[in-house]
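Structure file upload-v4.pdb with PDB, C-alpha atoms, pLDDT in the B column:
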ATOM      1  CA  ASP A   1       2.974 -17.496-100.089  1.00 57.00           C
ATOM      2  CA  GLN A   2       3.316 -20.635 -97.978  1.00 74.00           C
ATOM      3  CA  GLN A   3       3.237 -19.078 -94.517  1.00 93.00           C
ATOM      4  CA  VAL A   4       0.431 -21.395 -93.434  1.00 96.00           C
ATOM      5  CA  LYS A   5       0.392 -24.957 -94.696  1.00 96.00           C
ATOM      6  CA  GLN A   6      -2.023 -27.810 -94.380  1.00 96.00           C
ATOM      7  CA  ASN A   7      -0.170 -30.718 -95.885  1.00 92.00           C
ATOM      8  CA  SER A   8      -3.039 -33.185 -95.900  1.00 94.00           C
ATOM      9  CA  PRO A   9      -5.601 -32.319 -98.575  1.00 94.00           C
ATOM     10  CA  SER A  10      -8.043 -34.903 -97.217  1.00 96.00           C
ATOM     11  CA  LEU A  11      -8.819 -37.049 -94.214  1.00 97.00           C
ATOM     12  CA  SER A  12     -11.365 -39.817 -93.744  1.00 97.00           C
ATOM     13  CA  VAL A  13     -12.432 -41.105 -90.323  1.00 98.00           C
ATOM     14  CA  GLN A  14     -15.144 -43.298 -88.931  1.00 97.00           C
ATOM     15  CA  GLU A  15     -18.006 -41.772 -86.981  1.00 97.00           C
ATOM     16  CA  GLY A  16     -17.254 -41.701 -83.265  1.00 97.00           C
ATOM     17  CA  ARG A  17     -13.494 -41.728 -83.744  1.00 97.00           C
ATOM     18  CA  ILE A  18     -11.086 -38.829 -83.354  1.00 98.00           C
ATOM     19  CA  SER A  19     -10.294 -36.524 -86.274  1.00 98.00           C
ATOM     20  CA  ILE A  20      -6.931 -34.770 -86.141  1.00 98.00           C
ATOM     21  CA  LEU A  21      -6.270 -31.984 -88.599  1.00 98.00           C
ATOM     22  CA  ASN A  22      -2.815 -30.481 -88.782  1.00 98.00           C
ATOM     23  CA  CYS A  23      -1.396 -27.116 -89.718  1.00 98.00           C
ATOM     24  CA  ASP A  24       2.150 -25.744 -89.895  1.00 97.00           C
ATOM     25  CA  TYR A  25       3.290 -22.151 -90.113  1.00 97.00           C
ATOM     26  CA  THR A  26       6.548 -20.430 -90.840  1.00 96.00           C
ATOM     27  CA  ASN A  27       6.041 -16.858 -89.643  1.00 93.00           C
ATOM     28  CA  SER A  28       7.156 -16.536 -86.015  1.00 93.00           C
ATOM     29  CA  MET A  29       5.264 -13.225 -85.788  1.00 92.00           C
ATOM     30  CA  PHE A  30       1.909 -15.010 -85.899  1.00 93.00           C
ATOM     31  CA  ASP A  31       0.255 -14.660 -82.516  1.00 91.00           C
ATOM     32  CA  TYR A  32      -3.298 -15.803 -83.111  1.00 93.00           C
ATOM     33  CA  PHE A  33      -4.558 -18.923 -84.809  1.00 95.00           C
ATOM     34  CA  LEU A  34      -8.006 -19.989 -85.895  1.00 95.00           C
ATOM     35  CA  TRP A  35      -9.829 -22.896 -87.450  1.00 97.00           C
ATOM     36  CA  TYR A  36     -12.684 -22.373 -89.859  1.00 96.00           C
ATOM     37  CA  LYS A  37     -15.063 -24.925 -91.319  1.00 96.00           C
ATOM     38  CA  LYS A  38     -16.524 -24.539 -94.782  1.00 94.00           C
ATOM     39  CA  TYR A  39     -19.397 -26.326 -96.452  1.00 92.00           C
ATOM     40  CA  PRO A  40     -19.890 -26.114-100.236  1.00 86.00           C
ATOM     41  CA  ALA A  41     -21.587 -22.915-101.400  1.00 82.00           C
ATOM     42  CA  GLU A  42     -21.127 -21.297 -97.984  1.00 88.00           C
ATOM     43  CA  GLY A  43     -18.568 -18.974 -96.470  1.00 91.00           C
ATOM     44  CA  PRO A  44     -16.039 -20.137 -93.863  1.00 93.00           C
ATOM     45  CA  THR A  45     -17.542 -20.515 -90.389  1.00 93.00           C
ATOM     46  CA  PHE A  46     -15.436 -19.716 -87.329  1.00 93.00           C
ATOM     47  CA  LEU A  47     -14.867 -22.804 -85.212  1.00 95.00           C
ATOM     48  CA  ILE A  48     -12.225 -22.218 -82.550  1.00 96.00           C
ATOM     49  CA  SER A  49      -9.162 -20.080 -81.942  1.00 94.00           C
ATOM     50  CA  ILE A  50      -6.064 -19.917 -79.800  1.00 95.00           C
ATOM     51  CA  SER A  51      -3.707 -17.174 -78.754  1.00 93.00           C
ATOM     52  CA  SER A  52       0.037 -17.773 -78.874  1.00 93.00           C
ATOM     53  CA  ILE A  53       0.211 -17.406 -75.090  1.00 94.00           C
ATOM     54  CA  LYS A  54      -1.717 -20.661 -74.717  1.00 95.00           C
ATOM     55  CA  ASP A  55      -1.027 -24.196 -75.834  1.00 96.00           C
ATOM     56  CA  LYS A  56      -4.542 -25.585 -75.706  1.00 97.00           C
ATOM     57  CA  ASN A  57      -8.088 -24.356 -76.098  1.00 97.00           C
ATOM     58  CA  GLU A  58     -11.152 -26.539 -75.837  1.00 97.00           C
ATOM     59  CA  ASP A  59     -14.744 -25.954 -76.888  1.00 96.00           C
ATOM     60  CA  GLY A  60     -17.024 -28.938 -76.658  1.00 97.00           C
ATOM     61  CA  ARG A  61     -15.904 -31.611 -79.092  1.00 97.00           C
ATOM     62  CA  PHE A  62     -13.226 -29.322 -80.567  1.00 98.00           C
ATOM     63  CA  THR A  63      -9.759 -28.810 -79.121  1.00 98.00           C
ATOM     64  CA  VAL A  64      -6.941 -26.845 -80.681  1.00 98.00           C
ATOM     65  CA  PHE A  65      -3.348 -27.517 -79.660  1.00 98.00           C
ATOM     66  CA  LEU A  66      -0.499 -25.114 -80.344  1.00 98.00           C
ATOM     67  CA  ASN A  67       3.182 -26.093 -80.339  1.00 97.00           C
ATOM     68  CA  LYS A  68       5.066 -22.859 -80.842  1.00 96.00           C
ATOM     69  CA  SER A  69       8.514 -24.384 -80.892  1.00 96.00           C
ATOM     70  CA  ALA A  70       7.464 -26.648 -83.749  1.00 97.00           C
ATOM     71  CA  LYS A  71       5.292 -23.947 -85.349  1.00 96.00           C
ATOM     72  CA  HIS A  72       2.498 -26.457 -85.490  1.00 97.00           C
ATOM     73  CA  LEU A  73      -1.130 -26.527 -84.508  1.00 97.00           C
ATOM     74  CA  SER A  74      -3.761 -29.188 -84.656  1.00 98.00           C
ATOM     75  CA  LEU A  75      -7.501 -29.475 -84.353  1.00 98.00           C
ATOM     76  CA  HIS A  76      -8.959 -32.495 -82.613  1.00 98.00           C
ATOM     77  CA  ILE A  77     -12.591 -33.408 -83.058  1.00 98.00           C
ATOM     78  CA  VAL A  78     -13.875 -36.016 -80.620  1.00 97.00           C
ATOM     79  CA  PRO A  79     -16.139 -37.790 -81.292  1.00 97.00           C
ATOM     80  CA  SER A  80     -16.392 -37.143 -85.011  1.00 98.00           C
ATOM     81  CA  GLN A  81     -19.864 -36.932 -86.505  1.00 97.00           C
ATOM     82  CA  PRO A  82     -21.017 -37.170 -90.145  1.00 96.00           C
ATOM     83  CA  GLY A  83     -22.106 -33.516 -89.940  1.00 95.00           C
ATOM     84  CA  ASP A  84     -18.463 -32.579 -89.369  1.00 97.00           C
ATOM     85  CA  SER A  85     -17.713 -33.503 -92.985  1.00 97.00           C
ATOM     86  CA  ALA A  86     -16.467 -30.245 -94.528  1.00 96.00           C
ATOM     87  CA  VAL A  87     -13.313 -28.409 -95.552  1.00 96.00           C
ATOM     88  CA  TYR A  88     -11.319 -27.200 -92.559  1.00 97.00           C
ATOM     89  CA  PHE A  89      -9.071 -24.165 -92.887  1.00 97.00           C
ATOM     90  CA  CYS A  90      -6.333 -23.155 -90.537  1.00 97.00           C
ATOM     91  CA  ALA A  91      -5.665 -19.410 -90.390  1.00 96.00           C
ATOM     92  CA  ALA A  92      -3.135 -17.208 -88.631  1.00 95.00           C
ATOM     93  CA  SER A  93      -2.734 -13.548 -87.831  1.00 92.00           C
ATOM     94  CA  ALA A  94       0.020 -11.264 -86.539  1.00 89.00           C
ATOM     95  CA  GLY A  95      -0.211  -8.133 -84.423  1.00 80.00           C
ATOM     96  CA  ASN A  96      -3.999  -7.890 -84.183  1.00 75.00           C
ATOM     97  CA  THR A  97      -4.253  -6.543 -87.720  1.00 79.00           C
ATOM     98  CA  GLY A  98      -7.265  -8.621 -88.650  1.00 85.00           C
ATOM     99  CA  LYS A  99      -5.443  -9.899 -91.734  1.00 91.00           C
ATOM    100  CA  LEU A 100      -5.901 -13.659 -91.775  1.00 93.00           C
ATOM    101  CA  ILE A 101      -3.494 -15.895 -93.681  1.00 95.00           C
ATOM    102  CA  PHE A 102      -5.189 -19.148 -94.616  1.00 96.00           C
ATOM    103  CA  GLY A 103      -3.919 -22.635 -95.299  1.00 96.00           C
ATOM    104  CA  GLN A 104      -5.047 -24.604 -98.311  1.00 95.00           C
ATOM    105  CA  GLY A 105      -7.673 -26.527 -96.387  1.00 96.00           C
ATOM    106  CA  THR A 106      -8.218 -30.185 -95.484  1.00 97.00           C
ATOM    107  CA  THR A 107     -11.352 -31.985 -96.591  1.00 97.00           C
ATOM    108  CA  LEU A 108     -12.666 -34.115 -93.735  1.00 98.00           C
ATOM    109  CA  GLN A 109     -15.042 -36.957 -94.447  1.00 98.00           C
ATOM    110  CA  VAL A 110     -16.670 -38.659 -91.485  1.00 97.00           C
ATOM    111  CA  LYS A 111     -18.183 -41.985 -92.471  1.00 96.00           C
ATOM    112  CA  PRO A 112     -21.258 -43.302 -90.637  1.00 92.00           C
TER     113      PRO A 112
ATOM    114  CA  GLU B   1     -28.386 -15.535 -85.213  1.00 75.00           C
ATOM    115  CA  PRO B   2     -27.023 -12.469 -87.025  1.00 79.00           C
ATOM    116  CA  GLU B   3     -25.143 -13.208 -90.216  1.00 91.00           C
ATOM    117  CA  VAL B   4     -23.229 -11.506 -92.981  1.00 95.00           C
ATOM    118  CA  THR B   5     -25.116 -11.381 -96.274  1.00 96.00           C
ATOM    119  CA  GLN B   6     -23.749 -10.842 -99.772  1.00 97.00           C
ATOM    120  CA  THR B   7     -25.340  -9.992-103.106  1.00 96.00           C
ATOM    121  CA  PRO B   8     -25.395 -11.137-105.781  1.00 96.00           C
ATOM    122  CA  SER B   9     -24.610 -14.793-105.188  1.00 95.00           C
ATOM    123  CA  HIS B  10     -23.316 -15.112-108.759  1.00 96.00           C
ATOM    124  CA  GLN B  11     -22.192 -12.529-111.278  1.00 97.00           C
ATOM    125  CA  VAL B  12     -21.018 -12.994-114.837  1.00 97.00           C
ATOM    126  CA  THR B  13     -19.357 -10.046-116.550  1.00 97.00           C
ATOM    127  CA  GLN B  14     -17.324  -9.214-119.608  1.00 97.00           C
ATOM    128  CA  MET B  15     -13.646  -8.417-119.288  1.00 97.00           C
ATOM    129  CA  GLY B  16     -13.140  -4.673-118.842  1.00 96.00           C
ATOM    130  CA  GLN B  17     -16.517  -4.097-117.207  1.00 97.00           C
ATOM    131  CA  GLU B  18     -16.985  -2.686-113.734  1.00 97.00           C
ATOM    132  CA  VAL B  19     -18.561  -4.808-111.026  1.00 97.00           C
ATOM    133  CA  ILE B  20     -19.767  -3.949-107.554  1.00 97.00           C
ATOM    134  CA  LEU B  21     -20.080  -6.676-104.979  1.00 97.00           C
ATOM    135  CA  ARG B  22     -22.275  -5.908-102.013  1.00 97.00           C
ATOM    136  CA  CYS B  23     -22.157  -7.020 -98.417  1.00 97.00           C
ATOM    137  CA  VAL B  24     -24.226  -6.323 -95.339  1.00 96.00           C
ATOM    138  CA  PRO B  25     -22.030  -7.017 -92.297  1.00 95.00           C
ATOM    139  CA  ILE B  26     -23.402  -7.955 -88.887  1.00 93.00           C
ATOM    140  CA  SER B  27     -25.025  -4.800 -87.571  1.00 90.00           C
ATOM    141  CA  ASN B  28     -22.916  -3.989 -84.516  1.00 88.00           C
ATOM    142  CA  HIS B  29     -19.601  -4.980 -86.064  1.00 91.00           C
ATOM    143  CA  LEU B  30     -16.936  -2.352 -86.641  1.00 91.00           C
ATOM    144  CA  TYR B  31     -14.305  -4.073 -88.790  1.00 93.00           C
ATOM    145  CA  PHE B  32     -14.907  -5.237 -92.326  1.00 95.00           C
ATOM    146  CA  TYR B  33     -12.924  -7.353 -94.742  1.00 96.00           C
ATOM    147  CA  TRP B  34     -12.865  -8.710 -98.259  1.00 97.00           C
ATOM    148  CA  TYR B  35     -11.205 -11.998 -99.174  1.00 97.00           C
ATOM    149  CA  ARG B  36     -11.190 -13.956-102.387  1.00 96.00           C
ATOM    150  CA  GLN B  37     -10.673 -17.587-103.312  1.00 94.00           C
ATOM    151  CA  ILE B  38      -9.669 -18.471-106.841  1.00 94.00           C
ATOM    152  CA  LEU B  39     -10.881 -21.948-107.729  1.00 90.00           C
ATOM    153  CA  GLY B  40      -8.561 -24.559-106.250  1.00 86.00           C
ATOM    154  CA  GLN B  41      -6.489 -22.016-104.356  1.00 89.00           C
ATOM    155  CA  LYS B  42      -6.308 -20.566-100.859  1.00 91.00           C
ATOM    156  CA  VAL B  43      -8.585 -17.959 -99.378  1.00 94.00           C
ATOM    157  CA  GLU B  44      -6.612 -14.705 -99.783  1.00 95.00           C
ATOM    158  CA  PHE B  45      -6.911 -11.472 -97.848  1.00 96.00           C
ATOM    159  CA  LEU B  46      -7.711  -8.415 -99.959  1.00 97.00           C
ATOM    160  CA  VAL B  47      -8.468  -5.532 -97.628  1.00 96.00           C
ATOM    161  CA  SER B  48      -9.579  -4.528 -94.148  1.00 94.00           C
ATOM    162  CA  PHE B  49     -11.695  -1.458 -93.382  1.00 93.00           C
ATOM    163  CA  TYR B  50     -12.382   0.400 -90.163  1.00 91.00           C
ATOM    164  CA  ASN B  51     -13.805   3.811 -89.357  1.00 89.00           C
ATOM    165  CA  ASN B  52     -14.381   4.551 -93.050  1.00 90.00           C
ATOM    166  CA  GLU B  53     -10.773   3.946 -93.932  1.00 92.00           C
ATOM    167  CA  ILE B  54      -8.713   1.116 -95.325  1.00 94.00           C
ATOM    168  CA  SER B  55      -6.667  -0.356 -92.464  1.00 91.00           C
ATOM    169  CA  GLU B  56      -4.599  -2.753 -94.515  1.00 92.00           C
ATOM    170  CA  LYS B  57      -4.536  -4.074 -98.061  1.00 93.00           C
ATOM    171  CA  SER B  58      -2.707  -6.831 -99.862  1.00 93.00           C
ATOM    172  CA  GLU B  59      -0.673  -6.508-103.049  1.00 92.00           C
ATOM    173  CA  ILE B  60      -3.650  -7.994-104.899  1.00 92.00           C
ATOM    174  CA  PHE B  61      -5.705  -4.919-103.969  1.00 95.00           C
ATOM    175  CA  ASP B  62      -4.364  -2.602-106.653  1.00 92.00           C
ATOM    176  CA  ASP B  63      -5.842   0.563-108.153  1.00 93.00           C
ATOM    177  CA  GLN B  64      -8.547  -1.440-109.902  1.00 95.00           C
ATOM    178  CA  PHE B  65     -10.113  -2.253-106.533  1.00 96.00           C
ATOM    179  CA  SER B  66     -11.906   0.042-104.133  1.00 97.00           C
ATOM    180  CA  VAL B  67     -14.096  -0.376-101.076  1.00 96.00           C
ATOM    181  CA  GLU B  68     -16.777   1.803 -99.657  1.00 94.00           C
ATOM    182  CA  ARG B  69     -19.270   1.908 -96.843  1.00 91.00           C
ATOM    183  CA  PRO B  70     -21.864   4.164 -98.462  1.00 84.00           C
ATOM    184  CA  ASP B  71     -24.335   4.003 -95.592  1.00 85.00           C
ATOM    185  CA  GLY B  72     -24.663   2.464 -92.155  1.00 77.00           C
ATOM    186  CA  SER B  73     -25.245  -1.042 -93.389  1.00 85.00           C
ATOM    187  CA  ASN B  74     -23.628  -1.790 -96.747  1.00 92.00           C
ATOM    188  CA  PHE B  75     -19.983  -2.518 -97.499  1.00 95.00           C
ATOM    189  CA  THR B  76     -19.027  -2.738-101.170  1.00 97.00           C
ATOM    190  CA  LEU B  77     -16.110  -3.946-103.245  1.00 97.00           C
ATOM    191  CA  LYS B  78     -15.733  -2.378-106.678  1.00 97.00           C
ATOM    192  CA  ILE B  79     -13.550  -3.722-109.436  1.00 97.00           C
ATOM    193  CA  ARG B  80     -13.231  -0.988-112.054  1.00 95.00           C
ATOM    194  CA  SER B  81     -12.077  -2.925-115.080  1.00 94.00           C
ATOM    195  CA  THR B  82     -12.335  -6.649-114.578  1.00 96.00           C
ATOM    196  CA  LYS B  83      -9.727  -9.080-115.843  1.00 96.00           C
ATOM    197  CA  LEU B  84     -10.042 -12.778-116.516  1.00 96.00           C
ATOM    198  CA  GLU B  85      -7.919 -13.500-113.449  1.00 95.00           C
ATOM    199  CA  ASP B  86     -10.428 -11.693-111.217  1.00 97.00           C
ATOM    200  CA  SER B  87     -12.715 -14.698-111.575  1.00 97.00           C
ATOM    201  CA  ALA B  88     -13.040 -16.035-108.046  1.00 97.00           C
ATOM    202  CA  MET B  89     -15.296 -16.390-105.045  1.00 96.00           C
ATOM    203  CA  TYR B  90     -15.322 -13.134-103.079  1.00 98.00           C
ATOM    204  CA  PHE B  91     -16.073 -13.305 -99.372  1.00 97.00           C
ATOM    205  CA  CYS B  92     -17.007 -10.416 -97.147  1.00 97.00           C
ATOM    206  CA  ALA B  93     -16.357 -10.716 -93.410  1.00 96.00           C
ATOM    207  CA  SER B  94     -16.864  -8.616 -90.313  1.00 94.00           C
ATOM    208  CA  SER B  95     -15.665  -8.639 -86.727  1.00 92.00           C
ATOM    209  CA  PRO B  96     -17.082  -6.851 -83.695  1.00 89.00           C
ATOM    210  CA  ASP B  97     -14.188  -4.912 -82.206  1.00 80.00           C
ATOM    211  CA  ARG B  98     -10.449  -4.421 -82.141  1.00 74.00           C
ATOM    212  CA  ILE B  99      -9.824  -7.087 -79.529  1.00 72.00           C
ATOM    213  CA  SER B 100     -11.739  -9.695 -81.535  1.00 73.00           C
ATOM    214  CA  GLN B 101     -10.525  -8.604 -84.965  1.00 72.00           C
ATOM    215  CA  GLU B 102      -9.328 -12.040 -85.912  1.00 78.00           C
ATOM    216  CA  THR B 103     -12.653 -13.701 -85.095  1.00 86.00           C
ATOM    217  CA  GLN B 104     -14.273 -12.887 -88.385  1.00 92.00           C
ATOM    218  CA  TYR B 105     -17.712 -13.866 -89.556  1.00 94.00           C
ATOM    219  CA  PHE B 106     -17.915 -14.608 -93.242  1.00 95.00           C
ATOM    220  CA  GLY B 107     -20.727 -14.184 -95.722  1.00 96.00           C
ATOM    221  CA  PRO B 108     -21.685 -16.906 -98.211  1.00 95.00           C
ATOM    222  CA  GLY B 109     -19.672 -15.318-100.991  1.00 96.00           C
ATOM    223  CA  THR B 110     -20.231 -13.954-104.487  1.00 97.00           C
ATOM    224  CA  ARG B 111     -18.996 -16.084-107.338  1.00 97.00           C
ATOM    225  CA  LEU B 112     -17.606 -13.750-110.014  1.00 97.00           C
ATOM    226  CA  LEU B 113     -16.949 -15.046-113.496  1.00 97.00           C
ATOM    227  CA  VAL B 114     -15.158 -12.775-115.952  1.00 97.00           C
ATOM    228  CA  LEU B 115     -15.468 -13.782-119.604  1.00 96.00           C
TER     229      LEU B 115
END

Starting from the coordinates I provided, produce the structure as structure tokens.
Amino acid sequence: DQQVKQNSPSLSVQEGRISILNCDYTNSMFDYFLWYKKYPAEGPTFLISISSIKDKNEDGRFTVFLNKSAKHLSLHIVPSQPGDSAVYFCAASAGNTGKLIFGQGTTLQVKP
Amino acid sequence: EPEVTQTPSHQVTQMGQEVILRCVPISNHLYFYWYRQILGQKVEFLVSFYNNEISEKSEIFDDQFSVERPDGSNFTLKIRSTKLEDSAMYFCASSPDRISQETQYFGPGTRLLVL
């Protein structure tokens, strides 16, 4: 099941710079997208979401962009901080069912 | 801040044994979920639960699995006869209402090892 794909398993950025995490999806029925952050030995923590009727949602240092025609979304973290180092999961849902389809995750390392 | 809790944090069992994984969702939440993550793989949806009924389940959630909300606070996942391939991290999640179903709050997980 490759409906949601995160093609970069890892990303390393310098503190203070921008982190850009990418996610692609194939199911055109998806209408809600989320990003979760996960630290080792913890459950995923909700970060930010976006409805398919929007193309951008911003919350502090985190911005999610949605390009429906390309079936692509991205998470921008500006400025990146060492505490942002974690695994980031993209997830998608269709029809308000509550069933989330997750990507494989991208491990972000922010170097001081 | 309210959080989802899960017990036990780790469980080791023999193949064929029954296990019950327990979760206490956030108290005013109405929708409940179980997910699992096999080591090195994606987080996978198992089941959603609302108003004491299963709302949706994946093909993974076969007759060996069941869920229950035995009282006002606990939400359990039972695996009747565990298999080696059931070894995974199991996450419980909850969400407050129908409009915010997708915004799910996850517990820390139970690591299940089937020998």

With only C-alpha atoms counted, which protein, DNA or RNA residues have an atom no more than 6 Å from (-19.0, -12.4, -91.3) in the file frame? Please answer as number ranges by chain.
B: 4, 93-94, 104-107

Rounded to one decimal in Å, what is the spacing between CA of Leu100 in chain A and CA of Gly43 in chain A?
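CA of Gly43 in chain A lies 14.5 Å from CA of Leu100 in chain A.
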
Expand the ChimeraX specification (/A :<10) & /B into the individual residues it matches in the shown file, reporting them as a PyMOL selection string.
chain B and resi 4+9+31-35+40-49+55-58+89-95+98-111

Filtering to C-alpha atoms, could you give me those residues as a compact mmCIF listing (two decimals), keeping the file's coordinate frame?
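Output saved as out33.txt:
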# COMPACT_ATOMS: atom_id res chain seq x y z
CA VAL B 4 -23.23 -11.51 -92.98
CA SER B 9 -24.61 -14.79 -105.19
CA TYR B 31 -14.30 -4.07 -88.79
CA PHE B 32 -14.91 -5.24 -92.33
CA TYR B 33 -12.92 -7.35 -94.74
CA TRP B 34 -12.86 -8.71 -98.26
CA TYR B 35 -11.20 -12.00 -99.17
CA GLY B 40 -8.56 -24.56 -106.25
CA GLN B 41 -6.49 -22.02 -104.36
CA LYS B 42 -6.31 -20.57 -100.86
CA VAL B 43 -8.59 -17.96 -99.38
CA GLU B 44 -6.61 -14.70 -99.78
CA PHE B 45 -6.91 -11.47 -97.85
CA LEU B 46 -7.71 -8.41 -99.96
CA VAL B 47 -8.47 -5.53 -97.63
CA SER B 48 -9.58 -4.53 -94.15
CA PHE B 49 -11.70 -1.46 -93.38
CA SER B 55 -6.67 -0.36 -92.46
CA GLU B 56 -4.60 -2.75 -94.52
CA LYS B 57 -4.54 -4.07 -98.06
CA SER B 58 -2.71 -6.83 -99.86
CA MET B 89 -15.30 -16.39 -105.04
CA TYR B 90 -15.32 -13.13 -103.08
CA PHE B 91 -16.07 -13.30 -99.37
CA CYS B 92 -17.01 -10.42 -97.15
CA ALA B 93 -16.36 -10.72 -93.41
CA SER B 94 -16.86 -8.62 -90.31
CA SER B 95 -15.66 -8.64 -86.73
CA ARG B 98 -10.45 -4.42 -82.14
CA ILE B 99 -9.82 -7.09 -79.53
CA SER B 100 -11.74 -9.70 -81.54
CA GLN B 101 -10.52 -8.60 -84.96
CA GLU B 102 -9.33 -12.04 -85.91
CA THR B 103 -12.65 -13.70 -85.10
CA GLN B 104 -14.27 -12.89 -88.38
CA TYR B 105 -17.71 -13.87 -89.56
CA PHE B 106 -17.92 -14.61 -93.24
CA GLY B 107 -20.73 -14.18 -95.72
CA PRO B 108 -21.68 -16.91 -98.21
CA GLY B 109 -19.67 -15.32 -100.99
CA THR B 110 -20.23 -13.95 -104.49
CA ARG B 111 -19.00 -16.08 -107.34

Identify all residues satisfying the PyMOL selection byres ((chain B and resi 72) around 12) in the given file; provide them as a PyMOL selection string.
chain B and resi 23-30+51-52+68-71+73-76

For CA of Cys23 in chain A and CA of Gln2 in chain A, quote the distance in Å rounded to one decimal.
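Atom-to-atom, CA of Cys23 in chain A and CA of Gln2 in chain A are spaced 11.5 Å apart.
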
Determine the residue set returned by the PyMOL selection byres ((chain B and resi 78) around 8) for the present structure, and present it as a ChimeraX atom specification.
/B:18-21,64-67,76-77,79-80

Interatomic distance between CA of Leu113 in chain B and CA of Glu85 in chain B?
9.2 Å

Which residues, written as a PyMOL selection string, have at least one atom at most 6 Å from range 78-88 of chain A, with only C-alpha atoms counted and residues fewer than 2 positions away on the same chain left out?
chain A and resi 15-18+36-39+61+105-110

Only C-alpha atoms, please: the residues just picked out, written as a PDB file, in the frame of the given file.
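File written: selection_18.pdb
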ATOM      1  CA  GLU A  15     -18.006 -41.772 -86.981  1.00 97.00           C
ATOM      2  CA  GLY A  16     -17.254 -41.701 -83.265  1.00 97.00           C
ATOM      3  CA  ARG A  17     -13.494 -41.728 -83.744  1.00 97.00           C
ATOM      4  CA  ILE A  18     -11.086 -38.829 -83.354  1.00 98.00           C
ATOM      5  CA  TYR A  36     -12.684 -22.373 -89.859  1.00 96.00           C
ATOM      6  CA  LYS A  37     -15.063 -24.925 -91.319  1.00 96.00           C
ATOM      7  CA  LYS A  38     -16.524 -24.539 -94.782  1.00 94.00           C
ATOM      8  CA  TYR A  39     -19.397 -26.326 -96.452  1.00 92.00           C
ATOM      9  CA  ARG A  61     -15.904 -31.611 -79.092  1.00 97.00           C
ATOM     10  CA  GLY A 105      -7.673 -26.527 -96.387  1.00 96.00           C
ATOM     11  CA  THR A 106      -8.218 -30.185 -95.484  1.00 97.00           C
ATOM     12  CA  THR A 107     -11.352 -31.985 -96.591  1.00 97.00           C
ATOM     13  CA  LEU A 108     -12.666 -34.115 -93.735  1.00 98.00           C
ATOM     14  CA  GLN A 109     -15.042 -36.957 -94.447  1.00 98.00           C
ATOM     15  CA  VAL A 110     -16.670 -38.659 -91.485  1.00 97.00           C
TER      16      VAL A 110
END
